[in-house]
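J.: Sharing model.cif below, mmCIF, C-alpha atoms:
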data_my_file
loop_
_atom_site.label_atom_id
_atom_site.label_comp_id
_atom_site.auth_asym_id
_atom_site.auth_seq_id
_atom_site.Cartn_x
_atom_site.Cartn_y
_atom_site.Cartn_z
CA MET A 1 -61.25 19.49 40.52
CA ASN A 2 -58.46 17.38 39.14
CA THR A 3 -58.99 15.91 35.68
CA SER A 4 -56.95 13.35 33.82
CA THR A 5 -55.71 14.35 30.39
CA SER A 6 -53.81 12.32 27.82
CA ALA A 7 -50.38 13.59 26.85
CA SER A 8 -50.23 15.27 23.46
CA LEU A 9 -46.45 15.01 23.24
CA ASP A 10 -44.34 11.89 23.68
CA ILE A 11 -40.61 12.22 24.28
CA ARG A 12 -38.41 9.19 23.72
CA PHE A 13 -34.72 8.54 23.34
CA ALA A 14 -33.94 7.67 19.72
CA THR A 15 -30.89 6.68 17.74
CA THR A 16 -29.94 7.44 14.17
CA LYS A 17 -27.14 6.61 11.76
CA ALA A 18 -24.37 9.12 11.24
CA VAL A 19 -21.14 9.34 9.27
CA ALA A 20 -17.95 9.66 11.32
CA PHE A 21 -15.08 11.67 9.84
CA ALA A 22 -11.77 10.77 11.50
CA PRO A 23 -8.86 13.07 10.56
CA ARG A 24 -5.40 11.94 11.60
CA PRO A 25 -2.93 14.42 13.10
CA ALA A 26 -1.67 16.60 10.23
CA PRO A 27 -1.66 20.28 9.23
CA VAL A 28 -5.23 21.51 9.56
CA GLY A 29 -5.17 23.32 6.21
CA ASP A 30 -4.38 20.06 4.42
CA LEU A 31 -7.09 18.22 6.34
CA LEU A 32 -9.72 20.83 5.48
CA ASP A 33 -8.77 20.66 1.78
CA GLN A 34 -9.11 16.88 1.88
CA LEU A 35 -12.44 17.15 3.64
CA LYS A 36 -13.81 19.57 1.03
CA LYS A 37 -12.79 17.24 -1.79
CA ARG A 38 -14.28 14.20 -0.11
CA LEU A 39 -17.56 15.88 0.75
CA GLY A 40 -17.89 16.49 -2.96
CA PRO A 41 -20.23 18.87 -4.77
CA THR A 42 -23.21 20.44 -3.02
CA PRO A 43 -25.61 18.74 -2.68
CA GLY A 44 -23.17 15.89 -2.33
CA ILE A 45 -23.22 12.32 -1.15
CA TYR A 46 -23.48 13.35 2.53
CA TYR A 47 -25.86 16.29 2.07
CA ALA A 48 -28.25 16.73 5.03
CA GLU A 49 -26.71 13.75 6.84
CA PRO A 50 -25.71 13.94 10.54
CA ALA A 51 -21.95 13.79 11.00
CA ILE A 52 -19.49 13.03 13.79
CA LEU A 53 -16.00 14.52 13.95
CA ASP A 54 -13.84 11.81 15.51
CA LEU A 55 -10.68 13.33 17.00
CA SER A 56 -9.81 10.35 19.18
CA ALA A 57 -6.46 9.94 17.39
CA TRP A 58 -5.28 13.40 18.54
CA ASN A 59 -3.48 14.31 21.76
CA GLU A 60 -3.21 17.75 23.33
CA ALA A 61 0.29 18.40 21.97
CA GLU A 62 -0.88 17.71 18.41
CA VAL A 63 -3.96 19.91 18.84
CA ALA A 64 -1.72 22.76 19.98
CA GLU A 65 0.95 22.14 17.31
CA TYR A 66 -1.52 22.20 14.41
CA GLU A 67 -3.84 24.79 16.01
CA LEU A 68 -6.88 22.61 15.45
CA THR A 69 -10.29 24.23 16.07
CA LEU A 70 -13.75 22.74 15.85
CA LYS A 71 -15.06 25.94 14.24
CA ALA A 72 -12.91 25.41 11.14
CA PHE A 73 -14.30 21.93 10.56
CA GLN A 74 -17.88 22.98 11.32
CA ALA A 75 -17.64 25.72 8.67
CA VAL A 76 -16.65 23.18 6.00
CA PHE A 77 -19.46 20.83 6.98
CA GLN A 78 -22.03 23.63 6.95
CA LYS A 79 -20.96 24.82 3.51
CA ALA A 80 -21.45 21.26 2.20
CA GLY A 81 -24.87 20.98 3.86
CA VAL A 82 -23.69 18.34 6.33
CA ASN A 83 -24.96 18.53 9.91
CA LEU A 84 -22.09 18.19 12.39
CA VAL A 85 -23.73 17.05 15.63
CA GLU A 86 -21.01 15.45 17.72
CA VAL A 87 -17.29 15.55 18.45
CA ARG A 88 -15.55 12.46 19.81
CA SER A 89 -12.56 13.19 22.00
CA SER A 90 -11.44 12.68 25.57
CA LEU A 91 -9.49 15.96 25.57
CA SER A 92 -10.80 18.72 27.82
CA VAL A 93 -9.32 21.32 25.46
CA PHE A 94 -12.46 21.00 23.32
CA ASP A 95 -14.99 21.43 26.15
CA GLU A 96 -15.53 25.17 25.89
CA GLU A 97 -15.54 25.41 22.09
CA ALA A 98 -17.90 22.46 21.69
CA GLU A 99 -20.34 24.10 24.11
CA GLN A 100 -20.12 27.43 22.25
CA LEU A 101 -20.83 25.73 18.91
CA GLY A 102 -23.69 23.65 20.31
CA LEU A 103 -21.92 20.36 19.62
CA ARG A 104 -22.17 17.25 21.76
CA LEU A 105 -18.75 16.20 23.08
CA GLU A 106 -18.49 12.46 23.65
CA ALA A 107 -15.51 10.43 24.84
CA PRO A 108 -14.66 7.62 22.41
CA ALA A 109 -15.59 4.12 23.49
CA SER A 110 -12.49 2.36 24.75
CA ALA A 111 -13.71 -0.93 23.35
CA SER A 112 -14.02 0.38 19.81
CA PRO A 113 -11.75 -1.40 17.32
CA ALA A 114 -8.96 0.71 15.86
CA PRO A 115 -9.74 1.93 12.33
CA ALA A 116 -7.66 0.79 9.39
CA GLU A 117 -4.59 2.95 8.86
CA PRO A 118 -5.43 5.57 6.20
CA THR A 119 -3.12 7.56 4.01
CA PRO A 120 -1.24 10.04 6.26
CA GLY A 121 -2.74 13.51 6.35
CA THR A 122 -6.17 12.56 5.03
CA ALA A 123 -9.63 12.67 6.55
CA THR A 124 -11.38 9.31 6.58
CA ALA A 125 -15.14 8.81 6.73
CA GLN A 126 -16.45 5.69 8.39
CA PRO A 127 -19.88 4.45 9.46
CA ALA A 128 -20.83 5.43 13.01
CA GLU A 129 -22.48 3.11 15.51
CA GLU A 130 -25.23 0.86 14.30
CA ALA A 131 -28.57 2.43 15.05
CA GLU A 132 -32.25 2.02 14.53
CA PRO A 133 -33.46 1.53 10.93
CA VAL A 134 -34.07 4.77 9.07
CA THR A 135 -36.85 3.37 6.90
CA GLU A 136 -39.21 0.45 6.93
CA ALA A 137 -37.16 -1.01 4.08
CA VAL A 138 -34.19 -1.44 6.41
CA ALA A 139 -36.18 -3.55 8.84
CA GLN A 140 -37.37 -5.74 5.98
CA ALA A 141 -33.82 -6.21 4.75
CA THR A 142 -32.68 -7.63 8.07
CA GLN A 143 -35.46 -10.22 8.02
CA GLN A 144 -35.24 -11.56 4.47
CA GLU A 145 -33.17 -14.62 3.54
CA PRO A 146 -30.60 -14.64 0.70
CA GLU A 147 -32.06 -15.18 -2.60
CA SER A 148 -15.41 0.41 -24.08
CA PRO A 149 -13.93 3.88 -22.78
CA GLU A 150 -14.48 4.19 -19.07
CA ASN A 151 -15.34 7.21 -16.98
CA VAL A 152 -13.08 7.84 -13.98
CA GLY A 153 -14.64 9.19 -10.78
CA SER A 154 -13.51 11.22 -7.80
CA GLN A 155 -12.60 9.75 -4.40
CA ALA A 156 -14.93 10.33 -1.49
CA ASP A 157 -14.57 8.86 1.97
CA ALA A 158 -13.61 5.20 1.79
CA PRO A 159 -14.19 3.19 4.99
CA ALA A 160 -12.21 0.06 5.72
CA ASP A 161 -13.36 -3.16 4.05
CA ALA A 162 -15.83 -5.19 6.06
CA GLU A 163 -15.28 -8.94 6.29
CA PRO A 164 -18.55 -10.78 5.60
CA THR A 165 -19.42 -13.29 8.28
CA GLU A 166 -22.55 -14.79 6.74
CA ALA A 167 -24.46 -14.95 3.49
CA ARG A 168 -25.69 -11.52 2.50
CA ARG A 169 -29.42 -10.93 2.54
CA THR A 170 -31.38 -9.35 -0.31
CA LEU A 171 -34.07 -6.70 -0.18
CA VAL A 172 -36.35 -6.62 -3.21
CA ILE A 173 -38.50 -3.56 -3.98
CA ASP A 174 -41.03 -4.48 -6.65
CA GLN A 175 -42.32 -0.98 -7.32
CA PRO A 176 -40.87 2.33 -8.54
CA VAL A 177 -38.97 4.53 -6.09
CA ARG A 178 -40.42 8.04 -6.26
CA SER A 179 -38.63 11.37 -5.90
CA GLY A 180 -37.86 12.11 -2.25
CA GLN A 181 -37.92 8.46 -1.19
CA LYS A 182 -34.86 6.86 0.41
CA ILE A 183 -34.40 3.08 0.55
CA TYR A 184 -31.56 1.59 2.61
CA ALA A 185 -30.81 -2.15 2.57
CA GLN A 186 -28.78 -2.53 5.77
CA GLY A 187 -26.43 -5.52 5.62
CA ALA A 188 -28.04 -6.57 2.35
CA ASP A 189 -28.09 -6.33 -1.42
CA LEU A 190 -30.84 -4.20 -2.93
CA ILE A 191 -32.88 -5.01 -6.02
CA ILE A 192 -35.28 -2.44 -7.46
CA MET A 193 -37.80 -3.84 -9.95
CA GLY A 194 -38.75 -0.50 -11.48
CA GLN A 195 -37.66 3.08 -12.00
CA VAL A 196 -35.66 5.15 -9.52
CA SER A 197 -36.85 8.71 -10.11
CA ALA A 198 -34.68 11.82 -9.98
CA GLY A 199 -34.46 12.97 -6.36
CA ALA A 200 -34.78 9.42 -5.00
CA GLU A 201 -31.94 7.59 -3.24
CA VAL A 202 -31.27 3.85 -3.08
CA ILE A 203 -28.53 2.62 -0.73
CA ALA A 204 -27.19 -0.81 0.17
CA ASP A 205 -24.35 -2.20 2.23
CA GLY A 206 -24.00 -4.69 -0.63
CA ASN A 207 -24.83 -4.44 -4.33
CA VAL A 208 -27.52 -2.28 -5.93
CA HIS A 209 -29.43 -3.60 -8.95
CA VAL A 210 -31.97 -1.37 -10.71
CA TYR A 211 -34.01 -3.18 -13.34
CA GLY A 212 -35.46 -0.03 -14.81
CA VAL A 213 -34.41 3.55 -15.40
CA LEU A 214 -31.98 4.85 -12.77
CA ARG A 215 -32.38 8.63 -12.57
CA GLY A 216 -31.77 9.24 -8.86
CA ARG A 217 -28.82 8.36 -6.65
CA ALA A 218 -27.46 4.86 -6.13
CA LEU A 219 -24.94 4.06 -3.38
CA ALA A 220 -23.49 0.54 -3.00
CA GLY A 221 -21.05 -0.71 -0.37
CA ALA A 222 -22.32 1.83 2.14
CA ALA A 223 -20.59 -0.02 4.99
CA GLY A 224 -17.26 -0.04 3.15
CA ASP A 225 -17.47 -3.05 0.81
CA ARG A 226 -15.16 -2.07 -2.06
CA ASP A 227 -16.25 -5.10 -4.08
CA ALA A 228 -19.87 -3.94 -4.24
CA ARG A 229 -21.41 -3.17 -7.63
CA ILE A 230 -24.18 -1.06 -9.11
CA LEU A 231 -26.08 -2.38 -12.10
CA SER A 232 -28.71 -0.47 -14.04
CA THR A 233 -30.53 -1.55 -17.18
CA CYS A 234 -31.04 2.09 -18.15
CA PHE A 235 -28.27 4.35 -16.84
CA GLU A 236 -29.23 8.02 -16.26
CA PRO A 237 -28.31 8.71 -12.58
CA GLU A 238 -27.62 11.93 -10.71
CA LEU A 239 -24.89 10.20 -8.71
CA VAL A 240 -23.43 6.75 -8.17
CA ALA A 241 -21.09 5.73 -5.35
CA VAL A 242 -19.30 2.58 -4.21
CA ALA A 243 -17.71 2.47 -0.74
CA GLY A 244 -17.60 6.26 -0.64
CA TYR A 245 -16.08 6.80 -4.11
CA TYR A 246 -18.52 8.69 -6.28
CA LEU A 247 -19.32 9.91 -9.80
CA THR A 248 -21.60 12.76 -10.83
CA PHE A 249 -22.70 13.59 -14.35
CA GLU A 250 -23.20 17.35 -14.63
CA GLY A 251 -21.20 17.26 -17.86
CA GLY A 252 -23.30 14.51 -19.39
CA PHE A 253 -22.99 10.74 -19.76
CA PRO A 254 -20.53 8.78 -21.86
CA PRO A 255 -22.46 7.84 -25.03
CA GLU A 256 -21.70 4.16 -24.53
CA ASN A 257 -23.45 4.25 -21.13
CA GLN A 258 -26.26 6.78 -21.44
CA SER A 259 -29.67 5.08 -21.20
CA LYS A 260 -27.96 1.71 -21.64
CA PRO A 261 -27.22 -1.26 -19.36
CA THR A 262 -24.21 -0.27 -17.26
CA LEU A 263 -22.14 -1.76 -14.45
CA VAL A 264 -20.44 0.54 -11.91
CA PHE A 265 -17.47 -0.83 -9.96
CA LEU A 266 -14.45 0.35 -8.01
CA ASP A 267 -11.20 -0.25 -9.89
CA GLN A 268 -8.81 -1.34 -7.14
CA HIS A 269 -5.95 -2.19 -9.51
CA GLN A 270 -4.83 1.36 -10.14
CA GLU A 271 -3.60 4.30 -8.11
CA PRO A 272 -5.59 6.17 -7.05
CA GLU A 273 -8.59 3.87 -6.88
CA SER A 274 -11.59 5.22 -8.80
CA LEU A 275 -15.00 4.28 -10.12
CA ARG A 276 -15.41 2.82 -13.59
CA LEU A 277 -18.39 2.45 -15.87
CA LYS A 278 -18.68 -0.67 -18.01
CA SER A 279 -21.21 -1.21 -20.77
CA ILE A 280 -22.84 -4.63 -20.49
CA ASN A 281 -24.94 -6.74 -22.82
CA ILE A 282 -27.83 -8.33 -20.94
CA ARG A 283 -29.83 -9.50 -23.95
#
Take the structure in this file and express it as structure tokens.
T.:
Amino acid sequence: MNTSTSASLDIRFATTKAVAFAPRPAPVGDLLDQLKKRLGPTPGIYYAEPAILDLSAWNEAEVAEYELTLKAFQAVFQKAGVNLVEVRSSLSVFDEEAEQLGLRLEAPASASPAPAEPTPGTATAQPAEEAEPVTEAVAQATQQEPESPENVGSQADAPADAEPTEARRTLVIDQPVRSGQKIYAQGADLIIMGQVSAGAEVIADGNVHVYGVLRGRALAGAAGDRDARILSTCFEPELVAVAGYYLTFEGGFPPENQSKPTLVFLDQHQEPESLRLKSINIR
């Protein structure tokens, strides 16, 4: 006798956001050193994130000349806790190795705009294709309407500046962000009206404002906006980043910033560009 049963497992195609690392043709040893520096400490800014290795700028002669292998890049990503899931290239030379490493090999979209020219011999991280929201907060963000001594940071991956085409939206979270939570304001500024606990992560394509104690991670300009800012009324973070440039505080906080109102911005008027901390008076 045939009986009808309801399925206990649904399988659907899903999309997710990933970070694309696009090295230009250069000696592989130099590229790997750059990649290690830009991935930062472990756990770093891209820890546990899916990653794409974009080799669309390489031709077969350059691959042979520099003896490029996917295995070498995968080892660096694994050590940093980053999940390399895809390689973008139209070259058949990568077919066998990608299959052996369990990596998806995808031809680059011909209609994709060319990335901004980076410094020669460096690996550049850039946002991958737009995908489904990663949290409920992202969906809300797309629906809302607009409403002394300095510490120098290290350079992480810095995507090309994005030209705004409309007024930026604002996502307001009027409750504390607990450890383990991740809030992403896609295409928006983010305002947190409360504490961001250690182990929490708040991210925005625009500015990040935390009106409370900031003890977790705050990342502004996630889509490459170098003019984005981070403001905290009580500055005690694990990490701050603007457009891929980051600061960590294992050695402690500058006394003029610790537990005090602080503005974080990218100083674009010096070489190399780096993050700065600025004490502010909001009384």
J.: Given the PyMOL selection byres ((chain A and resi 48) around 8) and the file above, list the residues it selects as a list in words.
T.: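 Taken over the shown coordinates, the PyMOL selection byres ((chain A and resi 48) around 8) returns Tyr46, Tyr47, Glu49, Pro50, Gly81, Val82 and Asn83 of chain A.
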J.: My list of candidates is A:Val208, A:Ile11, A:Val87, A:Ala98. Which is closest to A:Arg229 when distances are computed with only C-alpha atoms?
T.: A:Val208
J.: Here is a test: counting only C-alpha atoms, which residue of A:Ala218, A:Leu239, A:Ile282, A:Ile52 is nearest to A:Ile192?
T.: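 Closest to A:Ile192 of all the choices is A:Ala218.
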J.: Got a sec: who's within 8 Å of A:Thr262, counting all atoms listed in the file, leaving out chain neighbours fewer than 2 positions off, as number ranges by chain?
T.: A: 231-235, 257, 260, 264, 277-280
J.: Could you save the residues just selected, with C-alpha atoms, as a compact mmCIF listing (two decimals), keeping the file's coordinate frame?
T.:
# COMPACT_ATOMS: atom_id res chain seq x y z
CA LEU A 231 -26.08 -2.38 -12.10
CA SER A 232 -28.71 -0.47 -14.04
CA THR A 233 -30.53 -1.55 -17.18
CA CYS A 234 -31.04 2.09 -18.15
CA PHE A 235 -28.27 4.35 -16.84
CA ASN A 257 -23.45 4.25 -21.13
CA LYS A 260 -27.96 1.71 -21.64
CA VAL A 264 -20.44 0.54 -11.91
CA LEU A 277 -18.39 2.45 -15.87
CA LYS A 278 -18.68 -0.67 -18.01
CA SER A 279 -21.21 -1.21 -20.77
CA ILE A 280 -22.84 -4.63 -20.49
J.: Quick one: pull the distance between atom CA of A:Ala57 and atom CA of A:Arg24, Å, one decimal.
T.: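 Spanning atom CA of A:Ala57 to atom CA of A:Arg24 is a straight-line distance of 6.2 Å.
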J.: Can you give me, as a PyMOL selection string, the residues this file yields under the PyMOL selection byres ((chain A and resi 180-190) around 7)?
T.: chain A and resi 135+137-138+141-142+168-172+177-179+191-192+199-209
J.: With N, CA and C atoms as the goal, would you fill in the gaps in stretch 63-78 of chain A and present it as a compact mmCIF listing (two decimals), in the coordinates of the input?
T.:
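Here's the written file result.txt:
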# COMPACT_ATOMS: atom_id res chain seq x y z
N VAL A 63 -2.94 18.86 18.99
CA VAL A 63 -3.96 19.91 18.84
C VAL A 63 -3.31 21.29 18.90
N ALA A 64 -2.40 21.47 19.84
CA ALA A 64 -1.72 22.76 19.98
C ALA A 64 -0.77 23.01 18.81
N GLU A 65 -0.03 21.98 18.40
CA GLU A 65 0.95 22.14 17.31
C GLU A 65 0.28 22.55 16.01
N TYR A 66 -0.85 21.92 15.68
CA TYR A 66 -1.52 22.20 14.41
C TYR A 66 -2.65 23.24 14.54
N GLU A 67 -2.83 23.76 15.76
CA GLU A 67 -3.84 24.79 16.01
C GLU A 67 -5.23 24.36 15.50
N LEU A 68 -5.60 23.16 15.88
CA LEU A 68 -6.88 22.61 15.45
C LEU A 68 -8.03 23.27 16.20
N THR A 69 -9.07 23.68 15.47
CA THR A 69 -10.29 24.23 16.07
C THR A 69 -11.51 23.53 15.49
N LEU A 70 -12.51 23.36 16.32
CA LEU A 70 -13.75 22.74 15.85
C LEU A 70 -14.48 23.66 14.87
N LYS A 71 -14.36 24.96 15.09
CA LYS A 71 -15.06 25.94 14.24
C LYS A 71 -14.66 25.80 12.78
N ALA A 72 -13.38 25.54 12.52
CA ALA A 72 -12.91 25.41 11.14
C ALA A 72 -13.56 24.22 10.45
N PHE A 73 -13.66 23.11 11.15
CA PHE A 73 -14.30 21.93 10.56
C PHE A 73 -15.81 22.14 10.40
N GLN A 74 -16.43 22.75 11.40
CA GLN A 74 -17.88 22.98 11.32
C GLN A 74 -18.21 23.85 10.11
N ALA A 75 -17.39 24.84 9.81
CA ALA A 75 -17.64 25.72 8.67
C ALA A 75 -17.63 24.94 7.36
N VAL A 76 -16.71 24.00 7.22
CA VAL A 76 -16.65 23.18 6.00
C VAL A 76 -17.88 22.29 5.88
N PHE A 77 -18.27 21.68 7.00
CA PHE A 77 -19.46 20.83 6.98
C PHE A 77 -20.71 21.65 6.63
N GLN A 78 -20.86 22.81 7.23
CA GLN A 78 -22.03 23.63 6.95
C GLN A 78 -22.11 24.04 5.50
